[in-house]
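Below is entry29.pdb, holding PDB, C-alpha atoms.
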```pdb
ATOM      1  CA  MET A   1     227.163 124.194  76.558
ATOM      2  CA  THR A   2     225.004 125.642  73.815
ATOM      3  CA  GLU A   3     221.793 124.025  72.587
ATOM      4  CA  PRO A   4     223.376 123.071  69.225
ATOM      5  CA  ASP A   5     226.270 121.414  71.131
ATOM      6  CA  ARG A   6     223.842 119.414  73.271
ATOM      7  CA  GLU A   7     221.862 118.454  70.195
ATOM      8  CA  LYS A   8     225.029 117.307  68.458
ATOM      9  CA  MET A   9     225.838 115.047  71.394
ATOM     10  CA  ARG A  10     222.324 113.604  71.417
ATOM     11  CA  LYS A  11     222.277 113.013  67.671
ATOM     12  CA  PRO A  12     225.766 112.380  66.243
ATOM     13  CA  ASN A  13     224.303 112.098  62.729
ATOM     14  CA  MET A  14     222.437 115.389  62.930
ATOM     15  CA  ARG A  15     224.686 117.014  60.332
ATOM     16  CA  GLU A  16     223.827 114.269  57.841
ATOM     17  CA  ALA A  17     220.142 114.517  58.715
ATOM     18  CA  ILE A  18     220.187 118.249  58.015
ATOM     19  CA  LEU A  19     221.958 117.730  54.684
ATOM     20  CA  ALA A  20     219.474 115.036  53.631
ATOM     21  CA  ALA A  21     216.476 117.143  54.654
ATOM     22  CA  ALA A  22     217.788 120.218  52.846
ATOM     23  CA  GLU A  23     218.536 118.278  49.692
ATOM     24  CA  GLU A  24     215.058 116.771  49.634
ATOM     25  CA  LEU A  25     213.367 120.130  50.245
ATOM     26  CA  PHE A  26     215.521 122.020  47.726
ATOM     27  CA  SER A  27     214.945 119.327  45.080
ATOM     28  CA  THR A  28     211.175 119.536  45.628
ATOM     29  CA  ASN A  29     210.481 123.208  46.351
ATOM     30  CA  GLY A  30     213.550 125.059  45.130
ATOM     31  CA  PHE A  31     215.994 127.147  47.138
ATOM     32  CA  ASN A  32     214.014 130.365  47.543
ATOM     33  CA  ALA A  33     210.889 128.789  49.046
ATOM     34  CA  VAL A  34     212.704 126.778  51.738
ATOM     35  CA  SER A  35     213.639 128.374  55.063
ATOM     36  CA  VAL A  36     216.170 127.323  57.683
ATOM     37  CA  ARG A  37     213.225 126.557  59.960
ATOM     38  CA  ASP A  38     211.725 124.245  57.293
ATOM     39  CA  ILE A  39     215.012 122.358  57.041
ATOM     40  CA  ALA A  40     215.361 122.041  60.811
ATOM     41  CA  GLN A  41     211.804 120.755  61.183
ATOM     42  CA  ALA A  42     212.296 118.152  58.436
ATOM     43  CA  ALA A  43     215.556 116.992  60.046
ATOM     44  CA  GLY A  44     214.109 116.884  63.546
ATOM     45  CA  ALA A  45     216.602 119.515  64.625
ATOM     46  CA  ASN A  46     216.687 122.883  66.328
ATOM     47  CA  PRO A  47     217.103 125.764  63.819
ATOM     48  CA  GLY A  48     220.274 126.696  65.685
ATOM     49  CA  SER A  49     221.814 123.391  64.618
ATOM     50  CA  VAL A  50     221.542 124.375  60.959
ATOM     51  CA  THR A  51     223.480 127.580  61.515
ATOM     52  CA  TYR A  52     225.890 125.796  63.877
ATOM     53  CA  HIS A  53     226.892 123.276  61.202
ATOM     54  CA  PHE A  54     226.546 125.350  58.019
ATOM     55  CA  LYS A  55     226.415 129.034  59.085
ATOM     56  CA  THR A  56     223.842 129.992  56.426
ATOM     57  CA  LYS A  57     221.420 128.428  53.986
ATOM     58  CA  ASP A  58     223.905 129.371  51.234
ATOM     59  CA  GLY A  59     226.599 127.381  53.013
ATOM     60  CA  LEU A  60     224.265 124.402  53.246
ATOM     61  CA  LEU A  61     223.596 124.457  49.510
ATOM     62  CA  LEU A  62     227.317 124.732  48.772
ATOM     63  CA  GLU A  63     227.998 121.709  50.987
ATOM     64  CA  ILE A  64     225.359 119.680  49.132
ATOM     65  CA  TYR A  65     226.921 120.534  45.780
ATOM     66  CA  GLN A  66     230.464 119.841  46.901
ATOM     67  CA  ARG A  67     229.770 116.486  48.531
ATOM     68  CA  HIS A  68     228.065 115.253  45.375
ATOM     69  CA  CYS A  69     230.037 116.934  42.644
ATOM     70  CA  LEU A  70     233.670 116.935  43.717
ATOM     71  CA  PRO A  71     233.907 113.118  43.444
ATOM     72  CA  MET A  72     231.981 113.152  40.151
ATOM     73  CA  ASN A  73     234.165 115.903  38.689
ATOM     74  CA  HIS A  74     237.286 114.025  39.800
ATOM     75  CA  ARG A  75     236.103 110.875  38.019
ATOM     76  CA  ARG A  76     235.203 112.872  34.913
ATOM     77  CA  SER A  77     238.689 114.400  34.866
ATOM     78  CA  GLU A  78     240.303 110.966  35.141
ATOM     79  CA  LEU A  79     238.243 109.606  32.249
ATOM     80  CA  LEU A  80     238.857 112.751  30.195
ATOM     81  CA  GLU A  81     242.626 112.415  30.482
ATOM     82  CA  ALA A  82     242.374 108.821  29.240
ATOM     83  CA  ALA A  83     240.035 109.853  26.404
ATOM     84  CA  LYS A  84     242.415 112.558  25.188
ATOM     85  CA  ARG A  85     245.056 109.882  24.567
ATOM     86  CA  VAL A  86     242.882 108.088  21.974
ATOM     87  CA  ARG A  87     244.474 108.585  18.538
ATOM     88  CA  ASP A  88     241.479 108.310  16.193
ATOM     89  CA  LEU A  89     239.562 111.614  16.294
ATOM     90  CA  HIS A  90     236.113 110.031  16.037
ATOM     91  CA  ASP A  91     236.889 107.474  18.740
ATOM     92  CA  ARG A  92     238.439 110.222  20.864
ATOM     93  CA  LEU A  93     235.330 112.364  20.586
ATOM     94  CA  GLU A  94     233.136 109.457  21.632
ATOM     95  CA  ALA A  95     235.441 108.710  24.561
ATOM     96  CA  ILE A  96     235.319 112.358  25.670
ATOM     97  CA  VAL A  97     231.518 112.431  25.639
ATOM     98  CA  ARG A  98     231.394 109.097  27.452
ATOM     99  CA  ALA A  99     233.792 110.478  30.085
ATOM    100  CA  TYR A 100     231.273 113.229  30.796
ATOM    101  CA  VAL A 101     228.132 111.077  30.772
ATOM    102  CA  LEU A 102     229.265 107.908  32.524
ATOM    103  CA  PRO A 103     229.942 109.255  36.055
ATOM    104  CA  ALA A 104     226.447 110.753  36.289
ATOM    105  CA  PHE A 105     225.004 107.240  35.891
ATOM    106  CA  SER A 106     227.603 105.059  37.575
ATOM    107  CA  SER A 107     227.421 107.251  40.683
ATOM    108  CA  SER A 108     223.642 107.217  40.894
ATOM    109  CA  SER A 109     223.535 104.846  43.864
ATOM    110  CA  ASP A 110     226.091 106.663  46.028
ATOM    111  CA  LEU A 111     227.069 110.192  46.973
ATOM    112  CA  ALA A 112     229.181 110.990  43.916
ATOM    113  CA  GLY A 113     226.785 112.373  41.346
ATOM    114  CA  GLY A 114     223.835 111.975  43.634
ATOM    115  CA  GLY A 115     221.429 110.142  41.342
ATOM    116  CA  VAL A 116     217.909 111.310  40.637
ATOM    117  CA  ARG A 117     217.325 113.544  43.669
ATOM    118  CA  PHE A 118     220.460 115.608  43.222
ATOM    119  CA  THR A 119     219.961 115.775  39.449
ATOM    120  CA  ARG A 120     216.453 117.105  40.088
ATOM    121  CA  LEU A 121     217.892 119.636  42.540
ATOM    122  CA  ARG A 122     220.432 120.768  39.926
ATOM    123  CA  ALA A 123     217.715 121.212  37.327
ATOM    124  CA  ILE A 124     215.555 123.252  39.728
ATOM    125  CA  MET A 125     218.497 125.405  40.836
ATOM    126  CA  SER A 126     219.404 126.115  37.211
ATOM    127  CA  ALA A 127     215.845 127.084  36.345
ATOM    128  CA  GLU A 128     215.181 129.122  39.478
ATOM    129  CA  GLY A 129     217.590 131.914  38.587
ATOM    130  CA  ASN A 130     218.801 132.415  42.152
ATOM    131  CA  GLU A 131     222.097 134.315  42.285
ATOM    132  CA  VAL A 132     223.452 132.173  45.109
ATOM    133  CA  ALA A 133     222.712 128.994  43.171
ATOM    134  CA  ARG A 134     224.256 130.442  39.988
ATOM    135  CA  ARG A 135     227.448 131.270  41.849
ATOM    136  CA  ILE A 136     227.652 127.812  43.420
ATOM    137  CA  ILE A 137     226.960 126.082  40.100
ATOM    138  CA  ALA A 138     229.683 128.120  38.404
ATOM    139  CA  GLN A 139     232.117 127.464  41.250
ATOM    140  CA  THR A 140     231.410 123.734  41.141
ATOM    141  CA  PHE A 141     231.229 122.987  37.423
ATOM    142  CA  ASP A 142     232.812 125.682  35.248
ATOM    143  CA  ASP A 143     236.412 124.428  35.386
ATOM    144  CA  THR A 144     235.423 120.879  34.461
ATOM    145  CA  SER A 145     233.023 122.111  31.782
ATOM    146  CA  HIS A 146     235.733 124.267  30.174
ATOM    147  CA  ALA A 147     238.081 121.260  30.124
ATOM    148  CA  PHE A 148     235.508 119.137  28.274
ATOM    149  CA  ILE A 149     234.598 121.892  25.831
ATOM    150  CA  ASP A 150     238.272 122.476  25.025
ATOM    151  CA  ALA A 151     238.864 118.741  24.526
ATOM    152  CA  ILE A 152     235.882 118.489  22.169
ATOM    153  CA  HIS A 153     237.102 121.528  20.254
ATOM    154  CA  GLU A 154     240.527 119.912  19.816
ATOM    155  CA  SER A 155     238.778 116.893  18.287
ATOM    156  CA  LEU A 156     236.562 119.110  16.084
ATOM    157  CA  PRO A 157     238.767 122.122  15.285
ATOM    158  CA  HIS A 158     236.589 123.076  12.293
ATOM    159  CA  ILE A 159     233.571 123.688  14.573
ATOM    160  CA  PRO A 160     233.619 127.089  16.344
ATOM    161  CA  ARG A 161     234.013 126.774  20.087
ATOM    162  CA  THR A 162     230.829 128.795  20.645
ATOM    163  CA  GLU A 163     228.833 126.146  18.780
ATOM    164  CA  ILE A 164     230.433 123.413  20.870
ATOM    165  CA  VAL A 165     229.303 125.337  23.946
ATOM    166  CA  TRP A 166     225.715 125.323  22.641
ATOM    167  CA  ARG A 167     225.799 121.605  21.828
ATOM    168  CA  SER A 168     227.348 120.758  25.204
ATOM    169  CA  HIS A 169     224.576 122.806  26.824
ATOM    170  CA  PHE A 170     222.016 120.610  25.055
ATOM    171  CA  LEU A 171     223.813 117.502  26.333
ATOM    172  CA  LEU A 172     223.413 118.733  29.905
ATOM    173  CA  GLY A 173     219.678 119.215  29.386
ATOM    174  CA  ALA A 174     219.367 115.723  27.926
ATOM    175  CA  LEU A 175     221.323 114.301  30.834
ATOM    176  CA  TYR A 176     219.051 115.990  33.394
ATOM    177  CA  TYR A 177     215.899 114.797  31.671
ATOM    178  CA  THR A 178     217.137 111.234  31.162
ATOM    179  CA  LEU A 179     218.060 110.826  34.819
ATOM    180  CA  VAL A 180     214.932 112.455  36.222
ATOM    181  CA  THR A 181     212.194 111.042  33.951
ATOM    182  CA  PRO A 182     213.327 107.644  32.605
ATOM    183  CA  GLU A 183     209.741 106.364  32.681
ATOM    184  CA  ARG A 184     208.866 108.648  29.754
ATOM    185  CA  VAL A 185     211.089 106.596  27.433
ATOM    186  CA  SER A 186     209.401 103.389  28.549
ATOM    187  CA  ARG A 187     205.958 104.897  28.082
ATOM    188  CA  LEU A 188     206.508 106.477  24.662
ATOM    189  CA  SER A 189     208.246 103.382  23.317
ATOM    190  CA  ARG A 190     205.213 101.378  24.483
ATOM    191  CA  GLY A 191     207.501  99.213  26.589
ATOM    192  CA  ASP A 192     209.941  98.354  23.822
ATOM    193  CA  ALA A 193     212.649 100.391  25.565
ATOM    194  CA  ASP A 194     213.502 100.515  29.250
ATOM    195  CA  GLY A 195     214.192 104.112  30.233
ATOM    196  CA  GLY A 196     215.609 102.897  33.523
ATOM    197  CA  ASP A 197     218.382 100.884  31.855
ATOM    198  CA  PRO A 198     221.514 102.967  32.552
ATOM    199  CA  GLY A 199     223.653 101.128  29.997
ATOM    200  CA  GLU A 200     221.186 101.820  27.195
ATOM    201  CA  ALA A 201     220.715 105.425  28.322
ATOM    202  CA  ILE A 202     224.463 106.038  28.294
ATOM    203  CA  GLU A 203     224.868 104.599  24.794
ATOM    204  CA  GLN A 204     221.932 106.580  23.409
ATOM    205  CA  LEU A 205     223.189 109.821  24.967
ATOM    206  CA  VAL A 206     226.750 109.286  23.762
ATOM    207  CA  LYS A 207     225.800 108.374  20.184
ATOM    208  CA  SER A 208     223.275 111.189  19.780
ATOM    209  CA  THR A 209     225.634 113.755  21.314
ATOM    210  CA  VAL A 210     228.541 112.715  19.094
ATOM    211  CA  ALA A 211     226.286 113.035  16.039
ATOM    212  CA  SER A 212     225.145 116.464  17.221
ATOM    213  CA  LEU A 213     228.710 117.650  17.818
ATOM    214  CA  GLN A 214     229.782 116.479  14.374
ATOM    215  CA  ALA A 215     226.956 118.287  12.575
ATOM    216  CA  PRO A 216     228.104 121.056  10.207
ATOM    217  CA  ALA A 217     228.659 124.446  11.771
ATOM    218  CA  LEU A 218     225.797 126.902  11.464
ATOM    219  CA  ASP A 219     225.992 128.919   8.243
ATOM    220  CA  ARG A 220     225.746 132.272   9.963
ATOM    221  CA  PRO A 221     225.568 134.560   6.906
ATOM    222  CA  ALA A 222     222.845 132.384   5.370
ATOM    223  CA  ALA A 223     220.973 132.248   8.675
ATOM    224  CA  ALA A 224     221.136 136.019   8.956
ATOM    225  CA  ARG A 225     219.816 136.446   5.416
ATOM    226  CA  LYS A 226     216.963 134.065   6.158
ATOM    227  CA  ARG A 227     215.919 136.093   9.211
ATOM    228  CA  THR A 228     216.214 139.395   7.347
ATOM    229  CA  ASN A 229     214.204 138.218   4.346
ATOM    230  CA  SER A 230     211.540 136.288   6.226
ATOM    231  CA  PRO A 231     207.945 136.639   4.846
ATOM    232  CA  ASN A 232     207.008 139.108   7.583
ATOM    233  CA  LYS A 233     210.029 141.343   7.108
ATOM    234  CA  SER A 234     210.961 143.864   4.471
ATOM    235  CA  PRO A 235     214.536 143.729   3.070
ATOM    236  CA  ASP A 236     215.757 146.342   5.559
ATOM    237  CA  GLY A 237     214.507 144.269   8.496
ATOM    238  CA  VAL A 238     211.461 146.399   9.287
ATOM    239  CA  ALA A 239     208.279 144.419   9.843
ATOM    240  CA  ALA A 240     206.119 144.445   6.732
ATOM    241  CA  SER A 241     202.446 145.240   7.033
TER     242      SER A 241
END
```

Show me this structure written as structure tokens.
Amino acid sequence: MTEPDREKMRKPNMREAILAAAEELFSTNGFNAVSVRDIAQAAGANPGSVTYHFKTKDGLLLEIYQRHCLPMNHRRSELLEAAKRVRDLHDRLEAIVRAYVLPAFSSSSDLAGGGVRFTRLRAIMSAEGNEVARRIIAQTFDDTSHAFIDAIHESLPHIPRTEIVWRSHFLLGALYYTLVTPERVSRLSRGDADGGDPGEAIEQLVKSTVASLQAPALDRPAAARKRTNSPNKSPDGVAAS
């Protein structure tokens, strides 16, 4: 019997302990700075147990994403299908945005969605620029994200899809920040608002995102002219002295 096998018999929850330790370390220090040995030490395990259960550190990160995000994506897809049946375009758009936002909050106390720690991990992984993390994020979220973007575009056919992508990108940033730092809302409102109130946070995110999505499309020719004829540029785009 190998050492990992003996360890598994001694600690039947070792796999969960390793996952929890890795998630905490990744959400605090990022992926690149954490070693398999660090994870094993935090979990009270032998390093061989990490490779026994997950093969590689990449496989461990993938498992963390899947166990949190597959249930959340499933719930989002269910709510999206219901939202797409709403007849009024404005109400449909609001229902679509709510279908995206709601599972991130309603799942905050269980595995699906993962709450603050996993949201913090997602934000760090996105910012870190690690190729492994980028591949896992794309594998986990791109299909669901495309479905939401397409549904929004069907509700706002006059807005170019590329602009909807930008505005959906901003929603994701707002969602990260709202989940990770709710105390900032309480502080800046001088206590008049409770940043930790999930119901209020959902409504504020939905209303502001719907307003953002409905904003007029960017006037690209005018924007280009403005950049070309800025005070520090000559008409041909060369910097003026």

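By chain and then residue number, the residues within 8 Å of Ile152 of chain A are A:Leu93, A:Ile96, A:Phe148, A:Leu156, A:Ile164, counting all atoms listed in the file and disregarding those fewer than 4 positions away in sequence.
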
For the structure shown, which residues end up in the PyMOL selection byres ((chain A and resi 205-219) around 8)? Put them as an MDAnalysis selection string, please? chainID A and resid 93:94 97:98 101 156 159:160 163:164 167 171 174:175 201:204 220:223

Find the axis-aligned box for segment 59-72 of chain A, covering all its listed atoms and adding 5 Å on each side, and write its centre and edge lengths in Å to one decimal as AutoDock Vina command-line options.
```
--center_x 228.8 --center_y 120.2 --center_z 46.7 --size_x 20.3 --size_y 24.3 --size_z 23.1
```

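By chain and then residue number, the residues within 12 Å of Leu62 of chain A are Leu19, Ala22, Glu23, Phe31, Phe54, Lys55, Thr56, Lys57, Asp58, Gln66, Arg67, His68, Cys69, Leu70, Arg122, Met125, Val132, Ala133, Arg134, Arg135, Ile136, Ile137, Ala138, Gln139 and Thr140 of chain A, counting only C-alpha atoms and disregarding those fewer than 4 positions away in sequence.
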
Taking the file as I've supplied it (selection: the PyMOL selection byres ((chain A and resi 144) around 12)), which residues are included? Please answer as a short mmCIF file (atom, residue, chain, number, x, y, z; two decimals) with C-alpha atoms, in the coordinates of the input.
```
data_model
loop_
_atom_site.label_atom_id
_atom_site.label_comp_id
_atom_site.auth_asym_id
_atom_site.auth_seq_id
_atom_site.Cartn_x
_atom_site.Cartn_y
_atom_site.Cartn_z
CA CYS A 69 230.04 116.93 42.64
CA LEU A 70 233.67 116.94 43.72
CA PRO A 71 233.91 113.12 43.44
CA MET A 72 231.98 113.15 40.15
CA ASN A 73 234.16 115.90 38.69
CA HIS A 74 237.29 114.02 39.80
CA ARG A 75 236.10 110.88 38.02
CA ARG A 76 235.20 112.87 34.91
CA SER A 77 238.69 114.40 34.87
CA GLU A 78 240.30 110.97 35.14
CA LEU A 79 238.24 109.61 32.25
CA LEU A 80 238.86 112.75 30.20
CA GLU A 81 242.63 112.42 30.48
CA ALA A 99 233.79 110.48 30.08
CA TYR A 100 231.27 113.23 30.80
CA ILE A 137 226.96 126.08 40.10
CA ALA A 138 229.68 128.12 38.40
CA GLN A 139 232.12 127.46 41.25
CA THR A 140 231.41 123.73 41.14
CA PHE A 141 231.23 122.99 37.42
CA ASP A 142 232.81 125.68 35.25
CA ASP A 143 236.41 124.43 35.39
CA SER A 145 233.02 122.11 31.78
CA HIS A 146 235.73 124.27 30.17
CA ALA A 147 238.08 121.26 30.12
CA PHE A 148 235.51 119.14 28.27
CA ILE A 149 234.60 121.89 25.83
CA ASP A 150 238.27 122.48 25.02
CA ALA A 151 238.86 118.74 24.53
#
```

With a distance cut-off of 9 Å and only C-alpha atoms, select the neighbouring residues of segment 193-200 of chain A, excluding the residue or stretch itself and same-chain residues fewer than 6 positions from it, and output the selection as a ChimeraX atom specification. /A:105-106,178-179,181-187

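Among the candidates A:Arg85, A:His53, A:Pro103, A:Asn130, the residue lying nearest to Ala33 of chain A is A:Asn130 (atoms considered: all atoms listed in the file).
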
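Atom CA of Asn46 of chain A is positioned 17.9 Å from atom CA of Glu24 of chain A.
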
Rank A:Glu128, A:His169, A:Leu25, A:Asp91 by their smallest atom-to-atom distance to Gln41 of chain A, using all atoms listed in the file, and report the top residue only. A:Leu25

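Our summary of the geometry notes that atom CA of Ala123 of chain A is positioned 11.7 Å from atom CA of Asn29 of chain A.
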
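Note that atom CA of Glu131 of chain A and atom CA of Tyr65 of chain A are 15.0 Å apart.
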
Selection dump of the PyMOL selection byres ((chain A and resi 21) around 12), as a CSV table (one decimal) with C-alpha atoms, in the coordinates of the input:
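The resulting file, out_26.csv, is shown below:
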```csv
chain,number,residue,atom,x,y,z
A,14,MET,CA,222.4,115.4,62.9
A,15,ARG,CA,224.7,117.0,60.3
A,16,GLU,CA,223.8,114.3,57.8
A,17,ALA,CA,220.1,114.5,58.7
A,18,ILE,CA,220.2,118.2,58.0
A,19,LEU,CA,222.0,117.7,54.7
A,20,ALA,CA,219.5,115.0,53.6
A,22,ALA,CA,217.8,120.2,52.8
A,23,GLU,CA,218.5,118.3,49.7
A,24,GLU,CA,215.1,116.8,49.6
A,25,LEU,CA,213.4,120.1,50.2
A,26,PHE,CA,215.5,122.0,47.7
A,27,SER,CA,214.9,119.3,45.1
A,28,THR,CA,211.2,119.5,45.6
A,29,ASN,CA,210.5,123.2,46.4
A,34,VAL,CA,212.7,126.8,51.7
A,35,SER,CA,213.6,128.4,55.1
A,36,VAL,CA,216.2,127.3,57.7
A,37,ARG,CA,213.2,126.6,60.0
A,38,ASP,CA,211.7,124.2,57.3
A,39,ILE,CA,215.0,122.4,57.0
A,40,ALA,CA,215.4,122.0,60.8
A,41,GLN,CA,211.8,120.8,61.2
A,42,ALA,CA,212.3,118.2,58.4
A,43,ALA,CA,215.6,117.0,60.0
A,44,GLY,CA,214.1,116.9,63.5
A,45,ALA,CA,216.6,119.5,64.6
A,50,VAL,CA,221.5,124.4,61.0
A,60,LEU,CA,224.3,124.4,53.2
A,61,LEU,CA,223.6,124.5,49.5
A,64,ILE,CA,225.4,119.7,49.1
A,117,ARG,CA,217.3,113.5,43.7
```
